[in-house]
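Okay, structure04.cif now, which holds mmCIF, C-alpha atoms:
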```cif
data_final
loop_
_atom_site.group_PDB
_atom_site.id
_atom_site.type_symbol
_atom_site.label_atom_id
_atom_site.label_comp_id
_atom_site.auth_asym_id
_atom_site.auth_seq_id
_atom_site.Cartn_x
_atom_site.Cartn_y
_atom_site.Cartn_z
ATOM 1 C CA MET A 1 -19.412 -14.561 15.478
ATOM 2 C CA ALA A 2 -17.354 -15.498 12.463
ATOM 3 C CA SER A 3 -15.838 -12.006 12.404
ATOM 4 C CA SER A 4 -14.055 -12.527 15.704
ATOM 5 C CA GLU A 5 -13.081 -16.146 14.995
ATOM 6 C CA ALA A 6 -11.889 -15.441 11.450
ATOM 7 C CA PRO A 7 -10.602 -11.886 11.601
ATOM 8 C CA PHE A 8 -8.259 -12.049 8.618
ATOM 9 C CA GLN A 9 -9.319 -10.838 5.202
ATOM 10 C CA LEU A 10 -7.412 -12.025 2.139
ATOM 11 C CA LYS A 11 -5.650 -8.655 1.895
ATOM 12 C CA ASP A 12 -4.463 -8.993 5.499
ATOM 13 C CA LEU A 13 -2.563 -12.200 4.703
ATOM 14 C CA LEU A 14 -1.545 -11.615 1.100
ATOM 15 C CA THR A 15 0.532 -8.438 0.893
ATOM 16 C CA PRO A 16 3.083 -7.058 -1.579
ATOM 17 C CA ALA A 17 5.827 -8.493 0.667
ATOM 18 C CA THR A 18 4.473 -12.043 0.228
ATOM 19 C CA ILE A 19 3.924 -11.873 -3.547
ATOM 20 C CA ARG A 20 6.615 -12.682 -6.127
ATOM 21 C CA LEU A 21 6.018 -12.665 -9.842
ATOM 22 C CA HIS A 22 7.480 -14.610 -12.766
ATOM 23 C CA VAL A 23 9.502 -16.955 -10.585
ATOM 24 C CA ALA A 24 11.561 -19.496 -12.535
ATOM 25 C CA ALA A 25 11.385 -22.744 -10.547
ATOM 26 C CA SER A 26 12.607 -26.057 -11.890
ATOM 27 C CA ASP A 27 10.380 -28.344 -9.810
ATOM 28 C CA PRO A 28 7.673 -28.413 -7.080
ATOM 29 C CA GLY A 29 10.333 -28.528 -4.353
ATOM 30 C CA GLN A 30 11.774 -25.218 -5.501
ATOM 31 C CA VAL A 31 8.283 -23.702 -5.725
ATOM 32 C CA ILE A 32 7.695 -24.631 -2.067
ATOM 33 C CA ARG A 33 11.087 -23.208 -1.047
ATOM 34 C CA GLU A 34 10.416 -19.888 -2.805
ATOM 35 C CA ALA A 35 6.849 -19.569 -1.473
ATOM 36 C CA GLY A 36 7.969 -20.663 1.997
ATOM 37 C CA GLN A 37 10.825 -18.135 2.073
ATOM 38 C CA LEU A 38 8.313 -15.298 1.697
ATOM 39 C CA LEU A 39 6.390 -16.570 4.734
ATOM 40 C CA LEU A 40 9.626 -17.019 6.678
ATOM 41 C CA ALA A 41 10.805 -13.495 5.805
ATOM 42 C CA SER A 42 7.489 -12.095 7.046
ATOM 43 C CA GLY A 43 8.121 -13.741 10.408
ATOM 44 C CA ALA A 44 4.915 -15.795 10.293
ATOM 45 C CA ILE A 45 6.479 -19.263 10.292
ATOM 46 C CA GLU A 46 9.471 -21.134 11.617
ATOM 47 C CA GLU A 47 11.883 -22.491 9.032
ATOM 48 C CA ARG A 48 10.768 -26.084 9.678
ATOM 49 C CA TYR A 49 7.346 -25.248 8.193
ATOM 50 C CA ILE A 50 8.940 -25.149 4.726
ATOM 51 C CA GLU A 51 10.259 -28.693 5.176
ATOM 52 C CA ALA A 52 6.821 -29.756 6.471
ATOM 53 C CA MET A 53 5.225 -28.441 3.262
ATOM 54 C CA GLN A 54 7.760 -30.468 1.239
ATOM 55 C CA GLN A 55 6.888 -33.508 3.327
ATOM 56 C CA ALA A 56 3.136 -32.926 2.840
ATOM 57 C CA LEU A 57 3.589 -32.856 -0.923
ATOM 58 C CA GLN A 58 5.578 -36.109 -0.757
ATOM 59 C CA THR A 59 3.027 -37.786 1.516
ATOM 60 C CA TYR A 60 -0.238 -36.672 -0.025
ATOM 61 C CA GLY A 61 0.762 -36.213 -3.626
ATOM 62 C CA PRO A 62 -0.145 -33.680 -6.270
ATOM 63 C CA TYR A 63 -3.806 -33.314 -5.233
ATOM 64 C CA MET A 64 -2.686 -29.900 -3.921
ATOM 65 C CA VAL A 65 -3.143 -28.625 -7.483
ATOM 66 C CA ILE A 66 -6.833 -28.075 -6.693
ATOM 67 C CA VAL A 67 -7.706 -25.809 -9.618
ATOM 68 C CA PRO A 68 -6.333 -25.960 -13.192
ATOM 69 C CA GLY A 69 -2.990 -24.161 -13.009
ATOM 70 C CA VAL A 70 -3.172 -23.384 -9.281
ATOM 71 C CA ALA A 71 -1.475 -25.189 -6.363
ATOM 72 C CA LEU A 72 -2.485 -24.638 -2.727
ATOM 73 C CA LEU A 73 0.533 -25.529 -0.594
ATOM 74 C CA HIS A 74 0.549 -25.896 3.169
ATOM 75 C CA ALA A 75 1.309 -28.140 6.153
ATOM 76 C CA ARG A 76 -0.244 -28.322 9.633
ATOM 77 C CA PRO A 77 -0.534 -25.638 12.351
ATOM 78 C CA GLY A 78 1.807 -27.626 14.603
ATOM 79 C CA ASP A 79 4.542 -27.623 11.969
ATOM 80 C CA GLY A 80 5.759 -24.156 12.974
ATOM 81 C CA VAL A 81 3.064 -21.585 12.138
ATOM 82 C CA LYS A 82 3.270 -18.503 14.341
ATOM 83 C CA ARG A 83 0.336 -16.644 12.810
ATOM 84 C CA PRO A 84 -1.995 -17.044 9.792
ATOM 85 C CA CYS A 85 -0.112 -16.175 6.626
ATOM 86 C CA MET A 86 -0.194 -16.555 2.849
ATOM 87 C CA SER A 87 2.162 -16.075 -0.093
ATOM 88 C CA LEU A 88 1.626 -16.127 -3.840
ATOM 89 C CA LEU A 89 3.998 -16.869 -6.711
ATOM 90 C CA THR A 90 3.388 -16.695 -10.414
ATOM 91 C CA LEU A 91 5.565 -19.260 -12.159
ATOM 92 C CA GLU A 92 7.247 -18.736 -15.468
ATOM 93 C CA PRO A 93 7.505 -21.188 -17.021
ATOM 94 C CA PRO A 94 4.679 -23.170 -15.389
ATOM 95 C CA VAL A 95 5.768 -26.162 -13.276
ATOM 96 C CA ARG A 96 4.427 -29.716 -13.478
ATOM 97 C CA PHE A 97 3.400 -31.212 -10.112
ATOM 98 C CA GLY A 98 2.201 -34.554 -11.467
ATOM 99 C CA ASN A 99 -1.523 -33.775 -11.387
ATOM 100 C CA GLU A 100 -2.849 -35.095 -14.680
ATOM 101 C CA ASP A 101 -6.011 -32.960 -14.592
ATOM 102 C CA ASN A 102 -4.706 -29.602 -13.406
ATOM 103 C CA ASP A 103 -1.032 -29.350 -14.420
ATOM 104 C CA PRO A 104 0.974 -27.285 -15.176
ATOM 105 C CA VAL A 105 0.972 -24.825 -12.265
ATOM 106 C CA SER A 106 1.343 -21.120 -13.052
ATOM 107 C CA ILE A 107 0.073 -19.765 -9.697
ATOM 108 C CA ALA A 108 1.311 -21.240 -6.406
ATOM 109 C CA ILE A 109 -0.249 -20.168 -3.124
ATOM 110 C CA ALA A 110 1.300 -21.207 0.191
ATOM 111 C CA PHE A 111 -0.366 -20.598 3.514
ATOM 112 C CA GLY A 112 -0.013 -21.289 7.201
ATOM 113 C CA ALA A 113 -3.006 -21.876 9.467
ATOM 114 C CA VAL A 114 -3.082 -21.870 13.262
ATOM 115 C CA ASP A 115 -6.426 -23.683 13.426
ATOM 116 C CA ARG A 116 -9.436 -24.287 11.142
ATOM 117 C CA GLN A 117 -11.040 -20.920 11.907
ATOM 118 C CA LYS A 118 -8.724 -17.925 11.870
ATOM 119 C CA HIS A 119 -7.745 -18.209 8.199
ATOM 120 C CA LEU A 120 -11.228 -19.255 7.063
ATOM 121 C CA GLN A 121 -12.455 -15.843 5.929
ATOM 122 C CA ALA A 122 -9.297 -15.310 3.866
ATOM 123 C CA LEU A 123 -9.581 -18.842 2.438
ATOM 124 C CA THR A 124 -13.239 -18.225 1.548
ATOM 125 C CA MET A 125 -12.239 -15.102 -0.371
ATOM 126 C CA LEU A 126 -9.426 -17.047 -2.031
ATOM 127 C CA THR A 127 -11.899 -19.762 -3.075
ATOM 128 C CA ARG A 128 -14.073 -17.155 -4.773
ATOM 129 C CA LEU A 129 -11.018 -15.573 -6.386
ATOM 130 C CA LEU A 130 -9.846 -18.925 -7.788
ATOM 131 C CA ALA A 131 -13.263 -19.364 -9.423
ATOM 132 C CA ASP A 132 -12.860 -15.985 -11.170
ATOM 133 C CA GLU A 133 -10.984 -16.873 -14.365
ATOM 134 C CA GLN A 134 -10.614 -13.248 -15.436
ATOM 135 C CA ALA A 135 -8.941 -12.400 -12.137
ATOM 136 C CA LEU A 136 -6.581 -15.377 -12.464
ATOM 137 C CA ALA A 137 -5.622 -14.300 -15.984
ATOM 138 C CA ALA A 138 -4.960 -10.781 -14.690
ATOM 139 C CA ILE A 139 -2.782 -12.133 -11.864
ATOM 140 C CA ARG A 140 -0.782 -14.280 -14.313
ATOM 141 C CA ALA A 141 -0.203 -11.204 -16.490
ATOM 142 C CA SER A 142 0.683 -8.886 -13.596
ATOM 143 C CA THR A 143 4.103 -7.268 -13.545
ATOM 144 C CA SER A 144 3.961 -5.907 -9.992
ATOM 145 C CA ALA A 145 2.674 -7.096 -6.630
ATOM 146 C CA GLU A 146 0.562 -3.949 -6.399
ATOM 147 C CA GLU A 147 -1.157 -4.971 -9.622
ATOM 148 C CA VAL A 148 -2.019 -8.339 -8.051
ATOM 149 C CA MET A 149 -3.377 -6.627 -4.937
ATOM 150 C CA HIS A 150 -5.484 -4.374 -7.131
ATOM 151 C CA THR A 151 -6.888 -7.331 -9.065
ATOM 152 C CA ILE A 152 -7.827 -9.047 -5.801
ATOM 153 C CA ALA A 153 -9.431 -5.901 -4.414
ATOM 154 C CA ALA A 154 -11.343 -5.274 -7.633
ATOM 155 C CA SER A 155 -12.605 -8.833 -8.187
ATOM 156 C CA PRO A 156 -16.349 -9.181 -7.501
ATOM 157 C CA SER A 157 -15.380 -12.472 -5.845
ATOM 158 C CA THR A 158 -13.747 -10.748 -2.877
ATOM 159 C CA GLN A 159 -16.378 -8.071 -2.218
ATOM 160 C CA MET B 1 -27.532 -36.245 5.261
ATOM 161 C CA LYS B 2 -23.872 -35.800 6.104
ATOM 162 C CA ILE B 3 -21.312 -34.948 3.410
ATOM 163 C CA LEU B 4 -17.628 -35.431 4.202
ATOM 164 C CA ALA B 5 -15.146 -33.159 2.359
ATOM 165 C CA VAL B 6 -11.765 -34.893 2.517
ATOM 166 C CA CYS B 7 -8.197 -33.723 1.862
ATOM 167 C CA GLY B 8 -4.757 -34.642 3.148
ATOM 168 C CA MET B 9 -4.614 -32.551 6.300
ATOM 169 C CA GLY B 10 -8.023 -30.935 6.749
ATOM 170 C CA PHE B 11 -6.856 -27.303 6.817
ATOM 171 C CA GLY B 12 -6.890 -26.185 3.193
ATOM 172 C CA SER B 13 -8.373 -28.045 0.274
ATOM 173 C CA SER B 14 -11.183 -29.649 2.261
ATOM 174 C CA LEU B 15 -12.274 -26.221 3.544
ATOM 175 C CA VAL B 16 -12.284 -24.998 -0.067
ATOM 176 C CA LEU B 17 -14.340 -28.066 -1.037
ATOM 177 C CA ARG B 18 -16.808 -27.407 1.774
ATOM 178 C CA MET B 19 -17.406 -23.862 0.498
ATOM 179 C CA THR B 20 -18.067 -25.099 -3.026
ATOM 180 C CA ILE B 21 -20.410 -27.820 -1.727
ATOM 181 C CA GLU B 22 -22.305 -25.334 0.460
ATOM 182 C CA ASP B 23 -22.634 -22.889 -2.456
ATOM 183 C CA VAL B 24 -24.128 -25.624 -4.653
ATOM 184 C CA LEU B 25 -26.494 -26.866 -1.931
ATOM 185 C CA LYS B 26 -27.681 -23.342 -1.214
ATOM 186 C CA ALA B 27 -28.296 -22.603 -4.903
ATOM 187 C CA ALA B 28 -30.310 -25.827 -5.180
ATOM 188 C CA GLY B 29 -32.277 -25.106 -2.010
ATOM 189 C CA LEU B 30 -30.946 -28.255 -0.325
ATOM 190 C CA LYS B 31 -29.731 -28.719 3.228
ATOM 191 C CA ALA B 32 -27.013 -31.072 4.407
ATOM 192 C CA GLN B 33 -24.332 -31.166 7.063
ATOM 193 C CA VAL B 34 -20.922 -30.631 5.438
ATOM 194 C CA VAL B 35 -17.938 -31.700 7.539
ATOM 195 C CA VAL B 36 -14.218 -31.461 6.700
ATOM 196 C CA SER B 37 -11.796 -34.256 7.419
ATOM 197 C CA ASP B 38 -8.192 -35.264 6.831
ATOM 198 C CA ILE B 39 -7.606 -38.542 5.029
ATOM 199 C CA GLY B 40 -6.766 -40.432 8.244
ATOM 200 C CA THR B 41 -9.954 -39.447 10.077
ATOM 201 C CA ALA B 42 -12.018 -39.964 6.928
ATOM 202 C CA ARG B 43 -11.451 -43.718 7.121
ATOM 203 C CA SER B 44 -13.725 -43.964 10.161
ATOM 204 C CA GLU B 45 -15.826 -40.761 10.273
ATOM 205 C CA GLN B 46 -19.547 -41.427 9.803
ATOM 206 C CA ALA B 47 -20.902 -39.998 6.555
ATOM 207 C CA ASP B 48 -23.430 -40.552 3.778
ATOM 208 C CA ILE B 49 -21.378 -39.167 0.896
ATOM 209 C CA ILE B 50 -17.650 -38.436 0.499
ATOM 210 C CA VAL B 51 -16.326 -35.628 -1.726
ATOM 211 C CA THR B 52 -12.599 -35.630 -2.527
ATOM 212 C CA SER B 53 -9.891 -35.904 -5.209
ATOM 213 C CA ALA B 54 -9.151 -39.053 -7.235
ATOM 214 C CA GLU B 55 -6.111 -40.000 -5.126
ATOM 215 C CA PHE B 56 -8.009 -39.998 -1.831
ATOM 216 C CA ALA B 57 -11.063 -41.616 -3.417
ATOM 217 C CA ARG B 58 -8.910 -44.687 -4.116
ATOM 218 C CA LEU B 59 -7.874 -44.858 -0.459
ATOM 219 C CA LEU B 60 -11.502 -44.602 0.695
ATOM 220 C CA ALA B 61 -13.081 -46.955 -1.862
ATOM 221 C CA ASP B 62 -13.282 -49.795 0.664
ATOM 222 C CA ARG B 63 -15.711 -47.812 2.836
ATOM 223 C CA GLY B 64 -18.490 -48.661 0.386
ATOM 224 C CA LEU B 65 -19.885 -45.103 0.421
ATOM 225 C CA PRO B 66 -20.780 -43.029 -2.638
ATOM 226 C CA ILE B 67 -17.716 -40.927 -3.491
ATOM 227 C CA VAL B 68 -17.811 -37.754 -5.587
ATOM 228 C CA VAL B 69 -14.414 -37.284 -7.295
ATOM 229 C CA ILE B 70 -13.664 -33.605 -7.941
ATOM 230 C CA LYS B 71 -10.983 -32.246 -10.292
ATOM 231 C CA ASN B 72 -11.499 -28.494 -9.842
ATOM 232 C CA TYR B 73 -12.271 -27.717 -6.189
ATOM 233 C CA VAL B 74 -13.798 -24.294 -6.888
ATOM 234 C CA ASP B 75 -15.908 -25.246 -9.938
ATOM 235 C CA ARG B 76 -19.550 -25.046 -8.848
ATOM 236 C CA LYS B 77 -20.724 -26.491 -12.178
ATOM 237 C CA GLU B 78 -18.616 -29.631 -11.772
ATOM 238 C CA MET B 79 -19.773 -30.007 -8.155
ATOM 239 C CA LYS B 80 -23.403 -29.533 -9.091
ATOM 240 C CA GLU B 81 -23.282 -32.095 -11.904
ATOM 241 C CA LYS B 82 -21.553 -34.732 -9.780
ATOM 242 C CA LEU B 83 -23.045 -34.180 -6.315
ATOM 243 C CA LEU B 84 -26.689 -33.276 -6.864
ATOM 244 C CA PRO B 85 -27.687 -36.553 -8.606
ATOM 245 C CA LEU B 86 -26.613 -38.391 -5.429
ATOM 246 C CA LEU B 87 -28.837 -36.196 -3.260
ATOM 247 C CA LYS B 88 -32.006 -36.695 -5.279
ATOM 248 C CA GLY B 89 -34.541 -38.775 -3.414
ATOM 249 C CA SER B 90 -32.629 -38.665 -0.175
#
```
What does the file become when written as structure tokens?
Amino acid sequence: MASSEAPFQLKDLLTPATIRLHVAASDPGQVIREAGQLLLASGAIEERYIEAMQQALQTYGPYMVIVPGVALLHARPGDGVKRPCMSLLTLEPPVRFGNEDNDPVSIAIAFGAVDRQKHLQALTMLTRLLADEQALAAIRASTSAEEVMHTIAASPSTQ
Amino acid sequence: MKILAVCGMGFGSSLVLRMTIEDVLKAAGLKAQVVVSDIGTARSEQADIIVTSAEFARLLADRGLPIVVIKNYVDRKEMKEKLLPLLKGS
């Protein structure tokens, strides 16, 4: 069953400890460092995963800005992921990644996967959340991590 | 009918794409196999239609398959307008 293969809900991976608001970053590299530090501090990744995310952005380009204003940053399971994890930054001012359709980025989400299954439920909920423009506006305007958690919990997209 | 959702590594964006594709297919009452792939595997993986971003579409153009280029990976309206016309009559 999917429940045993993908046991993590969005709220299991995204917690107040892995959310930082109104981060001032000068470029995509700094965004990755800040988002990666939250994962590192939570003990879910090895430090080399942050460098792997930088490398992925260099290699594959700014397609990672998959929704207007939102970047989804990650590398591969083998790059030092200990357990499924996710962090979220709101960026102020927004940062240009070089994606002509979806720049600038005001919400950056970094995650670590251990395979294609265990983070899938959380990623499904995140997909629905990213399609909820009211929820995204509320997250951008949030002044505390708890407020972000509340928005996620209250969004019809994550029910 | 096999639809290939392609991103750089096959662990993030392509899974998001697959969800959006499956939502649109379900709403339209259509059935298709939707498979995720990283850009390397996508060069040789058998498929009928590829769905990806503009950057990867350029790298896959020489496969001669129909490619749906998506800007917003979670926008069901964009997916519906671009993907469904390719499925008609198949």
- What does the distance between CA of Pro68 (chain A) and CA of Thr90 (chain A) come to in Å, to one decimal place? 13.7 Å
- Query: For chain B, which residue out of A:Val67, A:Leu73, A:Leu91, A:Val148 is the nearest one, using only C-alpha atoms?
  - Reply: A:Val67
Chain B near chain A within 10 Å: what's each residue's closest atom pair and its distance in Å to one decimal, counting only C-alpha atoms, ordered by chain then ascending residue number, as a tab-separated table?
```
residue	atom	partner	partner_atom	distance
B:Cys7	CA	A:Tyr63	CA	8.4
B:Gly8	CA	A:Tyr60	CA	5.9
B:Met9	CA	A:Arg76	CA	6.9
B:Gly10	CA	A:Arg116	CA	8.1
B:Phe11	CA	A:Arg116	CA	5.9
B:Gly12	CA	A:His74	CA	7.4
B:Ser13	CA	A:Ile66	CA	7.1
B:Leu15	CA	A:Leu120	CA	7.9
B:Val16	CA	A:Thr127	CA	6.1
B:Leu17	CA	A:Thr127	CA	8.9
B:Arg18	CA	A:Thr124	CA	9.9
B:Met19	CA	A:Thr124	CA	7.1
B:Thr20	CA	A:Thr127	CA	8.2
B:Val36	CA	A:Arg116	CA	9.7
B:Ile39	CA	A:Tyr60	CA	9.1
B:Thr52	CA	A:Tyr63	CA	9.5
B:Ser53	CA	A:Tyr63	CA	6.6
B:Ala54	CA	A:Tyr63	CA	8.1
B:Glu55	CA	A:Tyr63	CA	7.1
B:Phe56	CA	A:Tyr63	CA	8.6
B:Ile70	CA	A:Ile66	CA	8.9
B:Lys71	CA	A:Asp101	CA	6.6
B:Asn72	CA	A:Val67	CA	4.7
B:Tyr73	CA	A:Ile66	CA	5.5
B:Val74	CA	A:Ala131	CA	5.6
B:Asp75	CA	A:Ala131	CA	6.5
B:Arg76	CA	A:Ala131	CA	8.5
```
- Atom pair CA of Val69 (chain B) + CA of Val6 (chain B), distance 10.4 Å
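The space separating CA of Pro66 (chain B) from CA of Val105 (chain A) comes to 30.0 Å.
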- Task: Would you write out, as a PyMOL selection string, every residue that the PyMOL selection byres ((chain A and resi 82-85) around 9) captures in this file?
- Result: chain A and resi 8+12-14+18+39+42-46+77+80-81+86-87+110-115+118-119
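Take the PyMOL selection byres ((chain B and resi 1) around 8) and apply it to this file: it picks Lys2, Ile3, Ala32, Gln33, Ala47, Asp48 and Ser90 of chain B.
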